[in-house]
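**Student:** The structure follows.
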Amino acid sequence: MNCFACGEYIGENDQYVMIDGDRIICHKCSLENTMTICDNCGVESINSWMDYIIYDEDDDYNDIFACPTCYKKHYGRYPHDYKPNPIFHSLFNSDRKYCLHIGVELELESNDFDCNKYTDAMNNISEDKFYLKMDGSLSNECGAETISNPMILPIALKEWKKVFQIINKYDMCSNEDTGLHFHLDKEYLNDRQIRNIDYIVNTFTNSIEKLGGRNIVNHRWASQLNKSVNDWGIKTDRDYKFNAVNFTDNTIELRCFNATDDWFEFRFIMIAVFALAELAKIHKFSYFTDMTDNEFWLTFNKFIKRYIEKNNITE
């Protein structure tokens with residue numbers, strides 16, 4: 001079993017704490033996080049005084065602290081820092097070391113009525129594939145962050161296509177405040193490959209903008225970070241959550257794409273991210289450092305086409 005808060009494995013003889021009725025956290029996280037009793041259902045939960053409050057619009061004194069489950073029942077979406085244990089989706093239970101799994105976060109907004117309809121429709125989908133969260137950059141009433149559990153590409157294409165049918169039905173839209181983030185499972189990548197990805201995204205900024213529409217130079221939510229040669233692929237003191245490449249405990253988060261409500265644009269970006277990981281796997285670091293931005297763009301586009309043909313991607 002894994003810790004709900006940090007995702008680390010909890011051994012049979014390790015200490016842990018049960019929260020939210022059926023989730024567990026490791027002993028370390030139980031000490032580092034504030035534990036709060038849900039005013040609605042009475043279970044103990046990791047809580048934040050700001051993000052886990054159910055507000056009474058008529059009387060501030062009736063605001064209550066809530067666990068994530070009760071919060072979702074009230075608002076239809078989980079609080080923004082909700083982080084369940086990931087459920088990996090692959091064919092034939094493929095080992096994560098031999099098959100890349102990627103989780104996706106897509107931020108969209110719409111009017112209040114359509115967003116509520118979208119929320120209701122998405123909540124009918126099993127949470128082992130998708131769930132919704134609030135997000136600080138989105139309107140609480142009209143915004144939703146749609147998150148997938150980590151999937152291999154064929155499954156991701158199939159399942160996200162279904163989601164986009166719901167997105168388009170209820171006119172969920174992208175705008176200047178919405179982003180598209182990809183979490184690449186570290187189990188599939190070694191240090192050299194992670195270094196390559198970090199370097200590519202932060203160096204070939206024109207190519208990244210052509211791919212996903214986002215200029216990461218001084219971007220508010222996904223900023224470029226220049227590092228010394230020895231620091232690529234390593235989390236430094238200047239790394240923080242709004243870098244274009246963000247290192248988490250178990251994933252590499254790419255925040256360098258604008259959100260889109262167009263299925264074909266989303267599909268191409270997602271295929272390109274999977275292809276980027278494969279390109280990073282087969283070359284040495286020096287292969288990329290000798291390239292110009294334009295040379296990388298031409299090389300990467302050719303590689304994407306070969307990747308699509310090789311994997312017989314038709315969905």
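Identifiers in the structure tokens: chain A, B, ... in order shown; residue index from 1 per chain; ligand index from 1 in order shown.
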Just want the 6 Å neighbourhood of Cys173 of chain A, counted on only C-alpha atoms, with same-chain residues fewer than 4 positions away dropped. Output as a VMD selection string.
**Tutor:** chain A and resid 108 to 110 261
**Student:** Measuring atom to atom with only C-alpha atoms, identify which of A:Trp263, A:Tyr131, A:Phe65, A:Tyr71 is nearest to Lys162 of chain A.
**Tutor:** A:Trp263
**Student:** Would you kindly return, as number ranges by chain, each protein, DNA or RNA residue with an atom no farther than 8 Å from any atom of segment 228-240 of chain A, considering only C-alpha atoms and excluding same-chain residues fewer than 4 positions away?
**Tutor:** A: 191-192, 194-199, 246-247
**Student:** Using only C-alpha atoms, find the one residue out of A:Val104, A:Cys26, A:Met18, A:Ile10 that sits nearest to Ser148 of chain A.
**Tutor:**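 Selected residue with least distance to Ser148 of chain A: A:Val104.
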**Student:** Residues at most 12 Å from Ile308 of chain A, counting only C-alpha atoms, excluding those fewer than 6 positions away in the same chain, as a PyMOL selection string?
**Tutor:** chain A and resi 153-154+267-268+270-272+274-275+278+301-302+314-315
**Student:** Okay, now the selection with all heavy atoms, as a compact mmCIF listing (two decimals), in the first residue's frame?
**Tutor:**
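Result file result_5.txt:
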```txt
# COMPACT_ATOMS: atom_id res chain seq x y z
N LEU A 153 -0.33 5.21 -23.91
CA LEU A 153 -0.91 6.03 -24.97
C LEU A 153 -2.19 5.45 -25.58
O LEU A 153 -3.17 6.19 -25.75
CB LEU A 153 0.14 6.28 -26.06
CG LEU A 153 -0.33 7.15 -27.23
CD1 LEU A 153 -0.84 8.50 -26.74
CD2 LEU A 153 0.78 7.33 -28.24
N PRO A 154 -2.25 4.17 -25.98
CA PRO A 154 -3.49 3.68 -26.61
C PRO A 154 -4.72 3.85 -25.73
O PRO A 154 -5.80 4.21 -26.21
CB PRO A 154 -3.19 2.20 -26.87
CG PRO A 154 -1.71 2.11 -26.91
CD PRO A 154 -1.21 3.12 -25.93
N ARG A 267 -5.04 15.71 -28.97
CA ARG A 267 -4.53 14.40 -29.37
C ARG A 267 -3.10 14.49 -29.88
O ARG A 267 -2.24 13.70 -29.49
CB ARG A 267 -5.44 13.82 -30.45
CG ARG A 267 -5.00 12.48 -31.04
CD ARG A 267 -5.96 12.07 -32.16
NE ARG A 267 -5.61 10.78 -32.74
CZ ARG A 267 -4.73 10.61 -33.71
NH1 ARG A 267 -4.10 11.69 -34.21
NH2 ARG A 267 -4.47 9.41 -34.19
N PHE A 268 -2.82 15.49 -30.73
CA PHE A 268 -1.48 15.63 -31.27
C PHE A 268 -0.47 15.98 -30.19
O PHE A 268 0.64 15.43 -30.16
CB PHE A 268 -1.45 16.71 -32.36
CG PHE A 268 -0.08 16.89 -32.96
CD1 PHE A 268 0.44 15.97 -33.87
CD2 PHE A 268 0.71 17.97 -32.59
CE1 PHE A 268 1.71 16.12 -34.40
CE2 PHE A 268 1.98 18.14 -33.12
CZ PHE A 268 2.49 17.21 -34.03
N MET A 270 -0.62 15.27 -27.00
CA MET A 270 -0.40 14.10 -26.15
C MET A 270 0.51 13.08 -26.83
O MET A 270 1.43 12.54 -26.21
CB MET A 270 -1.73 13.46 -25.76
CG MET A 270 -1.56 12.26 -24.80
SD MET A 270 -3.09 11.85 -23.93
CE MET A 270 -4.16 11.42 -25.30
N ILE A 271 0.27 12.82 -28.11
CA ILE A 271 1.14 11.91 -28.86
C ILE A 271 2.57 12.45 -28.86
O ILE A 271 3.54 11.70 -28.67
CB ILE A 271 0.63 11.72 -30.29
CG1 ILE A 271 -0.69 10.95 -30.29
CG2 ILE A 271 1.67 10.98 -31.15
CD1 ILE A 271 -1.38 10.90 -31.65
N ALA A 272 2.71 13.77 -29.05
CA ALA A 272 4.03 14.38 -29.10
C ALA A 272 4.77 14.25 -27.78
O ALA A 272 6.00 14.06 -27.75
CB ALA A 272 3.91 15.86 -29.48
N PHE A 274 4.41 11.78 -25.55
CA PHE A 274 4.88 10.39 -25.49
C PHE A 274 6.09 10.21 -26.41
O PHE A 274 7.07 9.54 -26.05
CB PHE A 274 3.76 9.43 -25.91
CG PHE A 274 2.84 9.02 -24.80
CD1 PHE A 274 1.71 9.78 -24.50
CD2 PHE A 274 3.08 7.88 -24.04
CE1 PHE A 274 0.85 9.41 -23.47
CE2 PHE A 274 2.23 7.50 -23.02
CZ PHE A 274 1.11 8.27 -22.73
N ALA A 275 6.04 10.82 -27.59
CA ALA A 275 7.15 10.72 -28.54
C ALA A 275 8.40 11.41 -27.99
O ALA A 275 9.53 10.93 -28.19
CB ALA A 275 6.76 11.33 -29.88
N GLU A 278 10.32 9.16 -25.83
CA GLU A 278 11.05 8.15 -26.61
C GLU A 278 12.28 8.76 -27.28
O GLU A 278 13.34 8.14 -27.34
CB GLU A 278 10.14 7.54 -27.66
CG GLU A 278 8.95 6.79 -27.09
CD GLU A 278 9.36 5.73 -26.07
OE1 GLU A 278 10.35 5.00 -26.32
OE2 GLU A 278 8.70 5.63 -25.02
N ASN A 301 9.59 16.80 -35.45
CA ASN A 301 8.43 16.54 -36.29
C ASN A 301 8.59 15.26 -37.10
O ASN A 301 7.64 14.48 -37.23
CB ASN A 301 8.19 17.73 -37.23
CG ASN A 301 7.25 18.75 -36.62
OD1 ASN A 301 6.03 18.62 -36.71
ND2 ASN A 301 7.81 19.74 -35.97
N LYS A 302 9.78 15.04 -37.63
CA LYS A 302 10.03 13.80 -38.37
C LYS A 302 9.92 12.59 -37.44
O LYS A 302 9.38 11.55 -37.82
CB LYS A 302 11.42 13.84 -39.00
CG LYS A 302 11.55 14.85 -40.13
CD LYS A 302 12.97 14.87 -40.68
CE LYS A 302 13.11 15.91 -41.79
NZ LYS A 302 14.50 15.99 -42.30
N THR A 314 -3.93 5.08 -34.89
CA THR A 314 -5.02 5.49 -35.78
C THR A 314 -6.21 6.04 -35.02
O THR A 314 -7.08 6.67 -35.60
CB THR A 314 -5.51 4.29 -36.63
OG1 THR A 314 -5.92 3.23 -35.75
CG2 THR A 314 -4.39 3.80 -37.54
N GLU A 315 -6.28 5.79 -33.72
CA GLU A 315 -7.43 6.21 -32.89
C GLU A 315 -7.57 7.73 -32.89
O GLU A 315 -6.60 8.44 -32.70
CB GLU A 315 -7.25 5.71 -31.47
CG GLU A 315 -8.36 6.11 -30.51
CD GLU A 315 -9.70 5.50 -30.85
OE1 GLU A 315 -9.72 4.40 -31.37
OE2 GLU A 315 -10.73 6.16 -30.59
```
**Student:** Please indicate the distance in Å from atom CA of Tyr287 of chain A to atom CA of Ser207 of chain A, rounded to one decimal place.
**Tutor:** 16.3 Å
**Student:** Considering only C-alpha atoms, state which residue in the set A:Thr69, A:Asp262, A:Lys210, A:Glu32 is at the smallest distance from Lys161 of chain A.
**Tutor:**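 Residue with the minimum atom-to-atom distance to Lys161 of chain A: A:Asp262.
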**Student:** If you run DSSP on the backbone here, which positions in segment 171-276 of chain A get helix (DSSP H, G or I)? Please write them as number ranges by chain.
**Tutor:** A: 186-188, 191-203, 205-212, 229-231, 263-276
**Student:** Between A:Phe164, A:Tyr16, A:Trp221, A:Phe303, which one has atoms that come closest to Phe266 of chain A, using only C-alpha atoms?
**Tutor:**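 Ranked by minimum distance to Phe266 of chain A, first place goes to A:Phe164.
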**Student:** Of the candidates A:Ala244, A:Leu91, A:Val201, A:Ala259, which one gets nearest to Ala222 of chain A if we count only C-alpha atoms?
**Tutor:** A:Ala244
**Student:** I'd like the contact shell of Thr292 of chain A - 12 Å cut-off, only C-alpha atoms, skipping same-chain residues fewer than 6 positions apart - returned as a list in words.
**Tutor:** Ile200, Thr203, Phe204, Thr205, Asn206, Ser207, Leu298 and Thr299 of chain A
**Student:** Create the file for the chosen residues now, containing N, CA, C and O atoms and written as a PDB file, in the first residue's frame.
**Tutor:**
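selection-v4.pdb written:
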```pdb
ATOM      1  N   ILE A 200      15.509  19.907 -23.170  1.00  0.00           N
ATOM      2  CA  ILE A 200      14.735  20.179 -24.384  1.00  0.00           C
ATOM      3  C   ILE A 200      13.667  21.237 -24.135  1.00  0.00           C
ATOM      4  O   ILE A 200      13.547  22.222 -24.873  1.00  0.00           O
ATOM      5  N   THR A 203      15.127  24.733 -23.273  1.00  0.00           N
ATOM      6  CA  THR A 203      16.054  25.314 -24.242  1.00  0.00           C
ATOM      7  C   THR A 203      15.391  25.615 -25.578  1.00  0.00           C
ATOM      8  O   THR A 203      15.556  26.708 -26.136  1.00  0.00           O
ATOM      9  N   PHE A 204      14.623  24.672 -26.091  1.00  0.00           N
ATOM     10  CA  PHE A 204      14.000  24.837 -27.402  1.00  0.00           C
ATOM     11  C   PHE A 204      12.611  25.449 -27.233  1.00  0.00           C
ATOM     12  O   PHE A 204      11.583  24.842 -27.558  1.00  0.00           O
ATOM     13  N   THR A 205      12.584  26.673 -26.723  1.00  0.00           N
ATOM     14  CA  THR A 205      11.314  27.301 -26.339  1.00  0.00           C
ATOM     15  C   THR A 205      10.439  27.626 -27.539  1.00  0.00           C
ATOM     16  O   THR A 205       9.204  27.591 -27.430  1.00  0.00           O
ATOM     17  N   ASN A 206      11.029  27.953 -28.671  1.00  0.00           N
ATOM     18  CA  ASN A 206      10.215  28.210 -29.873  1.00  0.00           C
ATOM     19  C   ASN A 206       9.514  26.941 -30.337  1.00  0.00           C
ATOM     20  O   ASN A 206       8.353  26.970 -30.762  1.00  0.00           O
ATOM     21  N   SER A 207      10.218  25.819 -30.256  1.00  0.00           N
ATOM     22  CA  SER A 207       9.620  24.539 -30.643  1.00  0.00           C
ATOM     23  C   SER A 207       8.467  24.178 -29.716  1.00  0.00           C
ATOM     24  O   SER A 207       7.410  23.712 -30.164  1.00  0.00           O
ATOM     25  N   LEU A 298      12.537  20.568 -36.593  1.00  0.00           N
ATOM     26  CA  LEU A 298      12.475  19.747 -37.801  1.00  0.00           C
ATOM     27  C   LEU A 298      12.714  18.278 -37.466  1.00  0.00           C
ATOM     28  O   LEU A 298      12.015  17.387 -37.968  1.00  0.00           O
ATOM     29  N   THR A 299      13.684  18.011 -36.600  1.00  0.00           N
ATOM     30  CA  THR A 299      13.999  16.639 -36.188  1.00  0.00           C
ATOM     31  C   THR A 299      12.835  16.012 -35.427  1.00  0.00           C
ATOM     32  O   THR A 299      12.462  14.852 -35.672  1.00  0.00           O
TER      33      THR A 299
END
```
**Student:** Have a look at atom CA of Phe113 of chain A and atom CA of Gly76 of chain A and let me know their distance in Å, one decimal.
**Tutor:** 13.0 Å
**Student:** Choose the residue, out of A:Cys99, A:Lys129, A:Leu184, A:Cys38, that has the smallest atom-to-atom separation from Asp249 of chain A; count only C-alpha atoms.
**Tutor:**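 Distance minimum relative to Asp249 of chain A lands on A:Leu184.
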**Student:** In Å to one decimal, how far is atom CA of Leu106 of chain A from atom CA of Leu189 of chain A?
**Tutor:**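 These atoms are spaced 23.3 Å apart.
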**Student:** Env of Cys3 of chain A: 10 Å cut, atoms = only C-alpha atoms, seq-sep filter 2 positions within chain, self excluded. Answer as a list in words.
**Tutor:**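 The filter keeps Met1, Ala5, Cys6, Gly7, Glu8, Tyr9, Ile10, Tyr16, Val17, Met18, Arg23, Ile24, Ile25, Cys26, His27, Lys28, Cys29, Pro84 and Asn85 of chain A.
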**Student:** For the selection you just gave me, I'd like the residues written to a file as an mmCIF file, in the first residue's frame, keeping N, CA and C atoms.
**Tutor:**
```
data_model
loop_
_atom_site.group_PDB
_atom_site.id
_atom_site.type_symbol
_atom_site.label_atom_id
_atom_site.label_comp_id
_atom_site.auth_asym_id
_atom_site.auth_seq_id
_atom_site.Cartn_x
_atom_site.Cartn_y
_atom_site.Cartn_z
ATOM 1 N N MET A 1 0.854 -1.199 0.000
ATOM 2 C CA MET A 1 0.000 0.000 0.000
ATOM 3 C C MET A 1 0.888 1.247 0.000
ATOM 4 N N ALA A 5 -0.824 10.779 0.936
ATOM 5 C CA ALA A 5 -0.285 12.142 0.879
ATOM 6 C C ALA A 5 0.938 12.253 -0.012
ATOM 7 N N CYS A 6 1.925 11.359 0.168
ATOM 8 C CA CYS A 6 3.188 11.491 -0.569
ATOM 9 C C CYS A 6 3.380 10.422 -1.638
ATOM 10 N N GLY A 7 2.579 9.369 -1.614
ATOM 11 C CA GLY A 7 2.670 8.318 -2.610
ATOM 12 C C GLY A 7 3.722 7.265 -2.344
ATOM 13 N N GLU A 8 4.498 7.427 -1.290
ATOM 14 C CA GLU A 8 5.548 6.454 -0.993
ATOM 15 C C GLU A 8 4.950 5.148 -0.465
ATOM 16 N N TYR A 9 5.685 4.056 -0.724
ATOM 17 C CA TYR A 9 5.233 2.727 -0.296
ATOM 18 C C TYR A 9 5.293 2.609 1.228
ATOM 19 N N ILE A 10 4.272 2.014 1.819
ATOM 20 C CA ILE A 10 4.236 1.764 3.265
ATOM 21 C C ILE A 10 4.340 0.260 3.485
ATOM 22 N N TYR A 16 1.318 3.800 10.142
ATOM 23 C CA TYR A 16 0.486 4.609 9.252
ATOM 24 C C TYR A 16 -0.770 5.033 9.998
ATOM 25 N N VAL A 17 -1.493 5.984 9.385
ATOM 26 C CA VAL A 17 -2.715 6.516 9.984
ATOM 27 C C VAL A 17 -3.829 6.423 8.950
ATOM 28 N N MET A 18 -5.004 6.002 9.373
ATOM 29 C CA MET A 18 -6.162 5.938 8.493
ATOM 30 C C MET A 18 -6.869 7.286 8.484
ATOM 31 N N ARG A 23 -8.628 5.823 3.465
ATOM 32 C CA ARG A 23 -7.299 6.117 2.937
ATOM 33 C C ARG A 23 -6.280 6.100 4.066
ATOM 34 N N ILE A 24 -5.016 5.874 3.706
ATOM 35 C CA ILE A 24 -3.964 5.812 4.714
ATOM 36 C C ILE A 24 -2.854 6.795 4.362
ATOM 37 N N ILE A 25 -2.167 7.292 5.384
ATOM 38 C CA ILE A 25 -0.966 8.093 5.188
ATOM 39 C C ILE A 25 0.134 7.535 6.077
ATOM 40 N N CYS A 26 1.379 7.720 5.644
ATOM 41 C CA CYS A 26 2.509 7.213 6.409
ATOM 42 C C CYS A 26 2.695 8.032 7.687
ATOM 43 N N HIS A 27 3.499 7.496 8.599
ATOM 44 C CA HIS A 27 3.715 8.161 9.884
ATOM 45 C C HIS A 27 4.335 9.541 9.699
ATOM 46 N N LYS A 28 5.266 9.666 8.748
ATOM 47 C CA LYS A 28 5.929 10.948 8.503
ATOM 48 C C LYS A 28 4.920 12.006 8.071
ATOM 49 N N CYS A 29 4.038 11.664 7.142
ATOM 50 C CA CYS A 29 3.044 12.625 6.667
ATOM 51 C C CYS A 29 2.032 12.972 7.757
ATOM 52 N N PRO A 84 -5.021 11.597 -4.851
ATOM 53 C CA PRO A 84 -5.245 10.175 -4.540
ATOM 54 C C PRO A 84 -4.064 9.324 -4.974
ATOM 55 N N ASN A 85 -4.007 8.113 -4.503
ATOM 56 C CA ASN A 85 -2.995 7.188 -4.994
ATOM 57 C C ASN A 85 -3.273 6.896 -6.467
#
```
**Student:** Just the strand (DSSP E) stuff from segment 186-285 of chain A, please, per backbone DSSP, written as JSON, numbers by chain.
**Tutor:** {"A": [245, 246, 247, 251, 252, 253, 254, 255, 256, 257, 258]}
